[in-house]
>>> print(open('model_7.tsv').read())   # TSV, C-alpha atoms
chain	number	residue	atom	x	y	z
J	1	MET	CA	16.23	-3.25	31.90
J	2	ASP	CA	14.18	-1.65	29.20
J	3	ASP	CA	17.04	0.62	28.27
J	4	GLU	CA	19.41	-2.31	28.10
J	5	LYS	CA	17.02	-4.25	25.91
J	6	ARG	CA	16.52	-1.26	23.71
J	7	THR	CA	20.22	-0.69	23.23
J	8	LYS	CA	20.78	-4.33	22.35
J	9	PHE	CA	18.03	-4.51	19.74
J	10	ARG	CA	18.82	-1.09	18.47
J	11	LYS	CA	22.34	-2.23	17.77
J	12	ALA	CA	21.15	-5.39	16.04
J	13	LEU	CA	18.69	-3.50	13.89
J	14	ARG	CA	21.14	-0.77	13.04
J	15	SER	CA	23.64	-3.24	11.68
J	16	VAL	CA	20.93	-4.45	9.25
J	17	LYS	CA	22.92	-7.37	8.01
J	18	ASN	CA	20.14	-9.15	6.21
J	19	LEU	CA	18.34	-6.20	4.77
J	20	PRO	CA	19.42	-5.47	1.27
J	21	THR	CA	21.97	-2.71	1.75
J	22	LEU	CA	21.22	0.47	-0.03
J	23	PRO	CA	21.67	-0.61	-3.62
J	24	GLU	CA	24.92	0.66	-5.07
J	25	ILE	CA	22.98	2.31	-7.81
J	26	VAL	CA	21.27	4.60	-5.25
J	27	ILE	CA	24.65	5.75	-3.93
J	28	LYS	CA	25.77	6.47	-7.45
J	29	LEU	CA	22.55	8.29	-8.28
J	30	SER	CA	22.70	10.32	-5.06
J	31	LYS	CA	26.13	11.56	-6.04
J	32	MET	CA	24.85	12.42	-9.49
J	33	ALA	CA	21.88	14.28	-8.00
J	34	GLU	CA	24.18	16.50	-5.96
J	35	ASP	CA	25.96	17.61	-9.11
J	36	PRO	CA	24.00	20.51	-10.65
J	37	ASP	CA	25.28	19.58	-14.11
J	38	THR	CA	23.68	16.13	-14.08
J	39	THR	CA	20.70	15.83	-16.39
J	40	THR	CA	17.73	13.56	-15.75
J	41	ASP	CA	18.62	11.83	-19.01
J	42	GLN	CA	21.99	10.80	-17.60
J	43	MET	CA	20.34	9.50	-14.44
J	44	GLY	CA	17.73	7.68	-16.46
J	45	LYS	CA	20.46	5.96	-18.42
J	46	VAL	CA	22.17	4.72	-15.27
J	47	ILE	CA	18.90	3.20	-14.02
J	48	SER	CA	17.98	1.75	-17.39
J	49	LYS	CA	21.18	-0.29	-17.45
J	50	ASP	CA	19.57	-2.53	-14.86
J	51	HIS	CA	16.65	-3.84	-16.90
J	52	ILE	CA	14.85	-5.58	-14.06
J	53	LEU	CA	15.07	-2.54	-11.82
J	54	ALA	CA	13.97	-0.24	-14.63
J	55	SER	CA	10.90	-2.32	-15.43
J	56	LYS	CA	9.95	-2.61	-11.77
J	57	LEU	CA	10.31	1.12	-11.36
J	58	LEU	CA	8.12	1.86	-14.34
J	59	LYS	CA	5.52	-0.54	-13.01
J	60	LEU	CA	5.48	1.21	-9.64
J	61	VAL	CA	5.43	4.62	-11.26
J	62	ASN	CA	2.48	3.65	-13.46
J	63	SER	CA	0.55	2.00	-10.66
J	64	ALA	CA	-2.72	3.34	-9.35
J	65	PHE	CA	-1.37	5.10	-6.30
J	66	TYR	CA	0.30	7.80	-8.31
J	67	GLY	CA	-2.55	7.93	-10.79
J	68	PHE	CA	-0.91	9.82	-13.65
J	69	PRO	CA	-3.38	10.15	-16.50
J	70	GLN	CA	-0.85	9.04	-19.09
J	71	ARG	CA	1.50	6.10	-19.14
J	72	ILE	CA	5.03	7.04	-18.20
J	73	SER	CA	7.25	5.06	-20.49
J	74	SER	CA	10.74	6.30	-19.71
J	75	ILE	CA	12.76	6.50	-16.55
J	76	SER	CA	13.89	10.03	-17.31
J	77	SER	CA	10.31	11.31	-17.51
J	78	ALA	CA	9.60	9.46	-14.26
J	79	ILE	CA	12.45	11.37	-12.62
J	80	ILE	CA	11.09	14.67	-13.93
J	81	LEU	CA	7.52	13.92	-12.82
J	82	LEU	CA	8.20	12.37	-9.45
J	83	GLY	CA	11.44	13.96	-8.37
J	84	PHE	CA	14.62	12.24	-7.36
J	85	ASN	CA	13.61	11.53	-3.75
J	86	VAL	CA	10.58	9.54	-4.83
J	87	ILE	CA	12.61	7.60	-7.41
J	88	LYS	CA	15.23	6.88	-4.79
J	89	SER	CA	12.59	5.59	-2.34
J	90	LEU	CA	11.08	3.49	-5.09
J	91	ILE	CA	14.44	1.91	-5.92
J	92	ILE	CA	14.86	1.09	-2.25
J	93	SER	CA	11.29	-0.21	-1.98
J	94	ALA	CA	11.72	-2.33	-5.10
J	95	SER	CA	14.64	-4.15	-3.52
J	96	ILE	CA	13.18	-4.45	-0.04
J	97	PHE	CA	9.71	-5.37	-1.10
J	98	GLU	CA	11.08	-8.15	-3.24
J	99	PHE	CA	11.41	-9.91	0.07
J	100	MET	CA	7.93	-8.85	1.14
J	101	GLU	CA	6.19	-9.96	-2.04
J	102	ASP	CA	7.78	-13.31	-1.55
J	103	GLN	CA	7.28	-13.82	2.18
J	104	ASP	CA	4.71	-11.38	3.33
J	105	LEU	CA	2.24	-10.61	0.60
J	106	GLU	CA	-0.25	-9.42	3.21
J	107	LEU	CA	2.07	-6.64	4.37
J	108	TRP	CA	2.83	-5.72	0.76
J	109	GLU	CA	-0.88	-5.39	-0.03
J	110	HIS	CA	-1.41	-3.37	3.13
J	111	SER	CA	1.46	-1.08	2.04
J	112	LEU	CA	0.14	-0.67	-1.50
J	113	GLY	CA	-3.33	0.03	-0.10
J	114	CYS	CA	-1.98	2.63	2.31
J	115	ALA	CA	-0.13	4.30	-0.57
J	116	VAL	CA	-3.41	4.48	-2.52
J	117	VAL	CA	-5.33	6.11	0.35
J	118	SER	CA	-2.43	8.50	1.07
J	119	SER	CA	-2.42	9.56	-2.56
J	120	VAL	CA	-6.19	10.09	-2.72
J	121	LEU	CA	-6.17	12.01	0.57
J	122	ALA	CA	-3.16	14.16	-0.35
J	123	LYS	CA	-4.79	15.15	-3.63
J	124	ARG	CA	-8.15	15.85	-1.95
J	125	LEU	CA	-6.41	18.14	0.53
J	126	GLY	CA	-4.46	19.78	-2.26
J	127	VAL	CA	-1.07	19.42	-0.58
J	128	SER	CA	2.07	19.93	-2.60
J	129	GLU	CA	4.04	16.91	-3.81
J	130	PRO	CA	1.39	14.25	-3.20
J	131	GLU	CA	3.75	11.67	-4.73
J	132	GLU	CA	6.11	11.98	-1.79
J	133	ILE	CA	3.25	11.35	0.61
J	134	SER	CA	2.04	8.26	-1.27
J	135	THR	CA	5.61	7.01	-1.24
J	136	ALA	CA	5.75	7.51	2.52
J	137	GLY	CA	2.49	5.52	2.69
J	138	LEU	CA	4.12	2.77	0.66
J	139	ILE	CA	7.10	2.41	2.98
J	140	HIS	CA	5.48	3.35	6.33
J	141	ASP	CA	5.86	-0.20	7.69
J	142	ILE	CA	9.39	-0.78	6.45
J	143	GLY	CA	10.45	-1.13	10.09
J	144	LYS	CA	8.31	-4.28	10.33
J	145	VAL	CA	10.26	-5.80	7.46
J	146	ALA	CA	13.54	-4.95	9.18
J	147	ILE	CA	12.39	-6.54	12.45
J	148	LYS	CA	11.27	-9.67	10.65
J	149	MET	CA	14.56	-10.00	8.79
J	150	GLU	CA	17.00	-9.02	11.51
J	151	LEU	CA	15.31	-10.40	14.61
J	152	PRO	CA	13.30	-13.43	13.46
J	153	GLU	CA	13.06	-14.96	16.95
J	154	GLU	CA	11.80	-11.77	18.52
J	155	PHE	CA	9.46	-11.34	15.56
J	156	GLU	CA	7.84	-14.67	16.42
J	157	LYS	CA	7.60	-13.64	20.08
J	158	ILE	CA	5.94	-10.37	19.12
J	159	HIS	CA	3.28	-12.15	17.11
J	160	GLY	CA	2.84	-14.77	19.81
J	161	LEU	CA	2.14	-11.96	22.26
J	162	VAL	CA	-0.35	-10.32	19.88
J	163	ARG	CA	-2.25	-13.61	19.60
J	164	LYS	CA	-2.09	-14.43	23.31
J	165	GLN	CA	-2.95	-11.04	24.76
J	166	GLY	CA	-4.94	-9.55	21.92
J	167	ILE	CA	-2.78	-6.42	21.92
J	168	SER	CA	-1.58	-4.46	18.88
J	169	THR	CA	1.68	-5.26	17.09
J	170	LEU	CA	2.97	-1.86	18.19
J	171	GLU	CA	2.36	-2.62	21.88
J	172	ALA	CA	3.88	-6.09	21.54
J	173	GLU	CA	6.99	-4.68	19.86
J	174	ARG	CA	7.45	-2.19	22.67
J	175	GLU	CA	7.01	-4.96	25.20
J	176	ILE	CA	9.50	-7.37	23.59
J	177	LEU	CA	12.02	-4.98	22.03
J	178	GLY	CA	11.58	-1.76	23.96
J	179	LEU	CA	11.09	-0.03	20.62
J	180	ASP	CA	8.67	-0.21	17.69
J	181	HIS	CA	8.58	-0.51	13.91
J	182	ALA	CA	7.86	3.19	13.41
J	183	GLU	CA	11.09	4.12	15.16
J	184	VAL	CA	13.05	1.45	13.27
J	185	GLY	CA	11.61	2.71	9.98
J	186	GLY	CA	12.85	6.15	10.97
J	187	TRP	CA	16.44	5.00	11.50
J	188	LEU	CA	16.47	3.16	8.22
J	189	THR	CA	15.11	6.00	6.14
J	190	LYS	CA	17.44	8.45	7.88
J	191	SER	CA	20.41	6.23	7.11
J	192	TRP	CA	19.31	6.27	3.47
J	193	ASN	CA	19.31	10.07	3.54
J	194	LEU	CA	15.69	10.37	2.55
J	195	PRO	CA	14.09	13.79	3.10
J	196	THR	CA	12.13	14.69	6.24
J	197	LYS	CA	8.92	14.64	4.23
J	198	LEU	CA	9.38	10.89	3.83
J	199	ILE	CA	10.97	10.14	7.20
J	200	GLU	CA	8.54	11.91	9.53
J	201	PRO	CA	5.32	10.27	8.30
J	202	ILE	CA	7.01	6.89	8.84
J	203	VAL	CA	8.23	7.66	12.35
J	204	CYS	CA	4.96	9.35	13.30
J	205	HIS	CA	2.35	7.18	11.61
J	206	HIS	CA	1.09	5.92	14.97
J	207	ASP	CA	1.54	9.24	16.76
J	208	PRO	CA	1.48	12.26	14.45
J	209	ARG	CA	1.79	14.57	17.49
J	210	ILE	CA	5.54	13.93	17.55
J	211	SER	CA	5.95	15.21	14.01
J	212	LYS	CA	7.87	18.48	14.03
J	213	ASN	CA	8.02	19.59	10.42
J	214	GLU	CA	5.63	17.40	8.47
J	215	GLN	CA	2.39	17.40	10.41
J	216	ILE	CA	0.10	17.21	7.42
J	217	ALA	CA	2.05	14.43	5.71
J	218	SER	CA	2.24	12.50	8.99
J	219	SER	CA	-1.48	12.96	9.63
J	220	ILE	CA	-2.28	11.75	6.11
J	221	VAL	CA	-0.28	8.53	6.49
J	222	HIS	CA	-1.68	8.06	10.02
J	223	PHE	CA	-5.26	8.26	8.79
J	224	SER	CA	-4.57	6.26	5.61
J	225	ASN	CA	-3.27	3.41	7.73
J	226	ILE	CA	-6.53	3.50	9.71
J	227	VAL	CA	-8.71	3.55	6.59
J	228	ILE	CA	-6.91	0.68	4.86
J	229	ARG	CA	-6.96	-1.47	7.98
J	230	GLY	CA	-10.65	-0.78	8.41
J	231	TRP	CA	-11.10	-1.86	4.82
J	232	GLY	CA	-9.60	-5.22	5.69
J	233	TYR	CA	-6.07	-4.84	4.36
J	234	GLY	CA	-4.33	-5.31	7.65
J	235	HIS	CA	-1.45	-7.40	8.80
J	236	ALA	CA	-1.20	-10.66	10.72
J	237	ASP	CA	-3.12	-11.25	13.95
J	238	ASP	CA	-3.44	-7.62	14.93
J	239	ILE	CA	-6.75	-7.09	13.15
J	240	TRP	CA	-7.91	-3.96	14.96
J	241	VAL	CA	-8.24	-0.49	13.57
J	242	PRO	CA	-5.72	1.63	15.52
J	243	PRO	CA	-6.87	4.70	17.47
J	244	LEU	CA	-7.32	7.99	15.65
J	245	ASN	CA	-5.20	10.79	16.94
J	246	LYS	CA	-7.37	13.83	17.70
J	247	ARG	CA	-4.80	16.35	16.61
J	248	ALA	CA	-4.26	14.58	13.31
J	249	TRP	CA	-8.01	14.60	12.73
J	250	THR	CA	-8.15	18.34	13.41
J	251	ILE	CA	-5.22	18.98	11.06
J	252	LEU	CA	-6.89	17.01	8.27
J	253	GLY	CA	-10.22	18.77	8.86
J	254	LEU	CA	-12.17	16.23	6.83
J	255	ALA	CA	-15.94	16.52	6.40
J	256	PRO	CA	-18.21	13.49	5.90
J	257	GLU	CA	-18.37	14.18	2.16
J	258	ASP	CA	-14.57	14.09	2.01
J	259	LEU	CA	-14.65	10.63	3.54
J	260	ASP	CA	-17.27	9.52	1.00
J	261	HIS	CA	-15.08	10.81	-1.81
J	262	ILE	CA	-11.99	9.09	-0.41
J	263	ILE	CA	-13.81	5.75	-0.18
J	264	GLU	CA	-15.11	6.00	-3.76
J	265	GLU	CA	-11.75	6.99	-5.23
J	266	THR	CA	-9.83	4.45	-3.21
J	267	GLU	CA	-12.11	1.60	-4.20
J	268	GLU	CA	-11.58	2.33	-7.87
J	269	LYS	CA	-7.82	2.40	-7.46
J	270	LEU	CA	-7.63	-0.63	-5.20
J	271	TRP	CA	-8.91	-2.69	-8.10
J	272	ASP	CA	-5.91	-1.67	-10.14
J	273	VAL	CA	-3.56	-2.33	-7.27
J	274	LYS	CA	-5.12	-5.75	-6.80
J	275	GLY	CA	-4.28	-6.50	-10.41
J	276	PHE	CA	-0.79	-5.26	-9.66
J	277	SER	CA	-0.26	-7.72	-6.84
J	278	LEU	CA	-1.89	-10.55	-8.81
J	279	ASP	CA	0.72	-9.86	-11.51
J	280	ILE	CA	3.41	-10.24	-8.92
J	281	ARG	CA	1.87	-13.48	-7.69
J	282	SER	CA	1.81	-14.98	-11.16
J	283	GLN	CA	5.37	-13.80	-11.81
J	284	LEU	CA	6.44	-15.51	-8.61
J	285	LYS	CA	4.74	-18.71	-9.67
J	286	GLU	CA	6.38	-18.56	-13.08
J	287	SER	CA	9.82	-18.01	-11.63
J	288	ALA	CA	9.36	-20.74	-9.00
N	1	MET	CA	-18.84	-6.33	-8.15
N	2	GLN	CA	-16.95	-9.55	-8.59
N	3	GLU	CA	-13.87	-10.49	-10.50
N	4	ILE	CA	-14.43	-13.77	-12.30
N	5	LEU	CA	-12.58	-15.86	-14.86
N	6	SER	CA	-13.85	-15.22	-18.36
N	7	ALA	CA	-14.47	-18.99	-18.45
N	8	GLN	CA	-17.06	-18.43	-15.70
N	9	ALA	CA	-18.86	-15.69	-17.61
N	10	ASN	CA	-22.41	-16.23	-18.72
N	11	GLU	CA	-24.80	-14.45	-21.05
N	12	GLY	CA	-26.70	-11.71	-19.29
N	13	MET	CA	-23.99	-10.79	-16.76
N	14	VAL	CA	-23.24	-7.05	-16.64
N	15	LEU	CA	-19.69	-5.70	-16.89
N	16	ALA	CA	-18.72	-3.56	-13.87
N	17	LYS	CA	-15.36	-2.56	-15.41
N	18	ASN	CA	-14.19	-2.03	-18.95
N	19	VAL	CA	-12.66	-5.06	-20.58
N	20	ALA	CA	-9.39	-4.08	-22.23
N	21	THR	CA	-6.53	-5.77	-24.03
N	22	PRO	CA	-3.17	-5.85	-22.23
N	23	GLU	CA	-2.21	-2.87	-24.40
N	24	GLY	CA	-5.09	-0.91	-22.93
N	25	ARG	CA	-7.48	-0.96	-25.91
N	26	VAL	CA	-11.05	-1.13	-24.57
N	27	LEU	CA	-13.00	-4.03	-26.09
N	28	CYS	CA	-16.20	-3.66	-24.12
N	29	GLY	CA	-17.40	-0.87	-21.85
N	30	LYS	CA	-18.62	-0.94	-18.29
N	31	GLY	CA	-22.39	-1.57	-18.20
N	32	THR	CA	-22.40	-3.90	-21.23
N	33	ILE	CA	-24.70	-6.92	-20.92
N	34	LEU	CA	-22.65	-9.91	-21.98
N	35	ALA	CA	-23.67	-11.92	-25.03
N	36	ALA	CA	-22.22	-15.31	-25.98
N	37	THR	CA	-20.24	-13.85	-28.89
N	38	MET	CA	-18.43	-11.41	-26.57
N	39	ILE	CA	-17.54	-14.11	-24.09
N	40	ASP	CA	-16.12	-16.18	-26.96
N	41	ARG	CA	-14.11	-13.22	-28.08
N	42	PHE	CA	-12.63	-12.61	-24.60
N	43	GLN	CA	-11.54	-16.22	-24.42
N	44	LYS	CA	-10.02	-16.14	-27.89
N	45	MET	CA	-8.12	-12.97	-27.00
N	46	ASP	CA	-6.75	-14.60	-23.84
N	47	ILE	CA	-8.54	-12.23	-21.49
N	48	MET	CA	-8.52	-14.25	-18.32
N	49	ARG	CA	-10.43	-12.10	-15.88
N	50	ILE	CA	-13.37	-9.74	-16.05
N	51	VAL	CA	-15.28	-7.77	-13.41
N	52	VAL	CA	-19.05	-8.08	-13.33
N	53	GLU	CA	-21.88	-6.54	-11.32
N	54	GLY	CA	-23.24	-8.33	-8.27
N	55	HIS	CA	-21.76	-11.55	-7.04
N	56	PRO	CA	-22.93	-14.17	-9.54
N	57	VAL	CA	-20.24	-16.80	-9.02
N	58	GLU	CA	-20.08	-18.71	-5.77
N	59	VAL	CA	-16.51	-19.21	-4.57
N	60	LYS	CA	-15.77	-22.12	-2.31
N	61	GLY	CA	-14.51	-21.08	1.12
N	62	GLU	CA	-15.35	-17.43	0.49
N	63	LYS	CA	-16.87	-15.47	3.35
N	64	SER	CA	-20.52	-14.54	3.16
N	65	LEU	CA	-21.54	-10.89	3.19
N	66	LYS	CA	-22.79	-11.34	6.76
N	67	GLU	CA	-19.42	-12.71	7.86
N	68	GLU	CA	-17.57	-9.91	6.09
N	69	LEU	CA	-19.68	-7.31	7.88
N	70	GLN	CA	-19.10	-9.04	11.22
N	71	ASP	CA	-15.35	-9.00	10.56
N	72	MET	CA	-15.53	-5.30	9.85
N	73	GLU	CA	-17.40	-4.64	13.10
N	74	GLU	CA	-14.78	-6.63	14.97
N	75	ARG	CA	-11.96	-4.61	13.38
N	76	PHE	CA	-13.61	-1.36	14.50
N	77	SER	CA	-14.58	-2.69	17.95
N	78	ARG	CA	-11.81	-0.79	19.77
N	79	VAL	CA	-12.58	2.61	18.28
N	80	LYS	CA	-16.31	2.69	19.06
N	81	ASP	CA	-15.91	5.93	20.97
N	82	THR	CA	-14.47	7.75	17.94
N	83	PRO	CA	-17.38	9.19	15.90
N	84	PRO	CA	-15.42	9.83	12.66
N	85	LEU	CA	-14.27	6.21	12.62
N	86	MET	CA	-17.79	4.96	13.26
N	87	TYR	CA	-18.92	7.02	10.27
N	88	LEU	CA	-16.06	5.50	8.26
N	89	MET	CA	-17.16	2.02	9.28
N	90	LYS	CA	-20.75	2.66	8.22
N	91	ARG	CA	-19.67	3.93	4.83
N	92	LEU	CA	-17.31	1.01	4.32
N	93	MET	CA	-20.11	-1.39	5.25
N	94	LYS	CA	-22.41	0.28	2.76
N	95	LYS	CA	-19.70	-0.10	0.14
N	96	LYS	CA	-19.29	-3.76	0.98
N	97	VAL	CA	-23.05	-4.35	0.65
N	98	GLU	CA	-23.13	-2.54	-2.73
N	99	TYR	CA	-20.11	-4.46	-3.83
N	100	ARG	CA	-21.57	-7.82	-3.00
N	101	GLY	CA	-25.07	-6.69	-3.88
N	102	PRO	CA	-27.44	-8.07	-6.50
>>> encode(input="model_7.tsv", output="structure tokens")
Amino acid sequence: MDDEKRTKFRKALRSVKNLPTLPEIVIKLSKMAEDPDTTTDQMGKVISKDHILASKLLKLVNSAFYGFPQRISSISSAIILLGFNVIKSLIISASIFEFMEDQDLELWEHSLGCAVVSSVLAKRLGVSEPEEISTAGLIHDIGKVAIKMELPEEFEKIHGLVRKQGISTLEAEREILGLDHAEVGGWLTKSWNLPTKLIEPIVCHHDPRISKNEQIASSIVHFSNIVIRGWGYGHADDIWVPPLNKRAWTILGLAPEDLDHIIEETEEKLWDVKGFSLDIRSQLKESA
Amino acid sequence: MQEILSAQANEGMVLAKNVATPEGRVLCGKGTILAATMIDRFQKMDIMRIVVEGHPVEVKGEKSLKEELQDMEERFSRVKDTPPLMYLMKRLMKKKVEYRGP
């Protein structure tokens, strides 16, 4: 039965009819990126043609979770600083989160918050390419958005079950769908050809043990999700801080003073992010 | 720390964050004790929100510190057997108290 259920929902989610398809611009840019002769200037020009997208991108790039000391004012410098994979994920996020800002501001704030903690933690641990890890933090719950959009009835059932039985969203998803949002997020990001460094932390954010190649990145997003939920930026009726995976904790090897530092840094940046989502709120009101 | 409307600002409140123009020019630094002339200036320059020390403005329907701490305990209630997360909770509570503090 479970297998049958799984296959059915898997099929529905894979067709992703309602999710914004990978914006055409990403396909075009991916082709450009494969060509060694393409310059970042040329790519920047393609993005800049879409003014709304370009301004959203710059806003994301300049937001607190990347924390660049200077304002990045052009798309081409953003590509140089962040790398194409991050820009690509941000273009995808900008289109998908448009829906979230509008309908699920709580999940958007949780995602922004998780990106902030991931960024602080990645920098504290001195890992390479912290921007990719914060981006993974930003889109770690993208599977939840897909479930909400593609399977609205089941989505309601999942949340009904969370309320009724006091279980986590993850458990309720497995019960109703035979699969969970982490797995769904994995399919989506794979279908968008994102790199393993972005895919694995999404698939493994509830169980970093299953991460094969990106154990540190997965452990960072796993723990960041715990911290931000503890802080009070959670989602819906599942209010509880999820369990900490022992292995992930060992991999991170954090001392109490690291935690103190992470809390201080995160608090500072959350203020900026709060301003960021207030901006979005007022823009929404203006456009309504 | 509390974010308030500049219309709610009063003389004697202490800035917890720099007040800057939308272009990023700092008008008044963190730690400044507000005087009436500054508050006037913020309003004239269309600065809507400022962040001040403590929690001087009562917001209707807002949770009390005690309720916020209870909520936090409830959120961590299923990970009581995980020492690092209990440490995390204590630090976050301390932060919350400082944040709402005098």
>>> closest_residue(input="model_7.tsv", among="J:Leu29, J:Val203, J:Ala172, J:Ile167", to="chain N", atoms="all atoms listed in the file")
J:Ile167
>>> atom_distance(input="model_7.tsv", atom1="atom CA of Asp272 of chain J", atom2="atom CA of Leu60 of chain J")
11.8 Å
>>> closest_atom_pairs(input="model_7.tsv", of="chain J", to="chain N", cutoff="9 Å", atoms="all atoms listed in the file", output="CSV")
residue,atom,partner,partner_atom,distance
J:Ile226,CA,N:Leu85,CA,8.7
J:Val227,CA,N:Leu88,CA,7.8
J:Arg229,CA,N:Arg75,CA,8.0
J:Gly230,CA,N:Arg75,CA,6.4
J:Trp231,CA,N:Leu92,CA,6.9
J:Gly232,CA,N:Met72,CA,7.2
J:Ile239,CA,N:Arg75,CA,5.8
J:Trp240,CA,N:Arg75,CA,4.4
J:Val241,CA,N:Phe76,CA,5.5
J:Pro242,CA,N:Val79,CA,7.5
J:Pro243,CA,N:Val79,CA,6.1
J:Leu244,CA,N:Thr82,CA,7.5
J:Trp249,CA,N:Pro84,CA,8.8
J:Pro256,CA,N:Tyr87,CA,7.8
J:Leu259,CA,N:Leu88,CA,7.1
J:Asp260,CA,N:Arg91,CA,7.2
J:Ile263,CA,N:Leu92,CA,7.4
J:Glu264,CA,N:Lys95,CA,8.6
J:Glu267,CA,N:Lys95,CA,8.9
>>> atom_distance(input="model_7.tsv", atom1="atom CA of His235 of chain J", atom2="atom CA of Leu254 of chain J")
26.0 Å
>>> closest_residue(input="model_7.tsv", among="J:Thr135, J:Asn62, J:Asn245, J:Ser168", to="Pro201 of chain J", atoms="all atoms listed in the file")
J:Thr135
>>> atom_distance(input="model_7.tsv", atom1="atom CA of His206 of chain J", atom2="atom CA of Leu121 of chain J")
17.2 Å
>>> residues_near_point(input="model_7.tsv", point="(-16.7, -15.1, -13.1)", cutoff="9 Å", atoms="only C-alpha atoms", output="list in words")
Gln2, Glu3, Ile4, Leu5, Ser6, Ala7, Gln8, Ala9, Asn10, Arg49, Ile50, Val51, Val52, His55, Pro56, Val57 and Glu58 of chain N
>>> closest_residue(input="model_7.tsv", among="J:Glu34, J:Glu106, J:Asp141, J:Glu129", to="Leu81 of chain J", atoms="all atoms listed in the file")
J:Glu129
>>> closest_residue(input="model_7.tsv", among="J:Ile75, J:Ser63, J:Glu24, J:Leu112", to="Asp41 of chain J", atoms="all atoms listed in the file")
J:Ile75
>>> residues_around(input="model_7.tsv", residues="segment 23-39 of chain N", least_positions_apart="3", cutoff="8 Å", atoms="all atoms listed in the file", output="VMD selection string")
chain N and resid 6 9 to 20 42 to 43
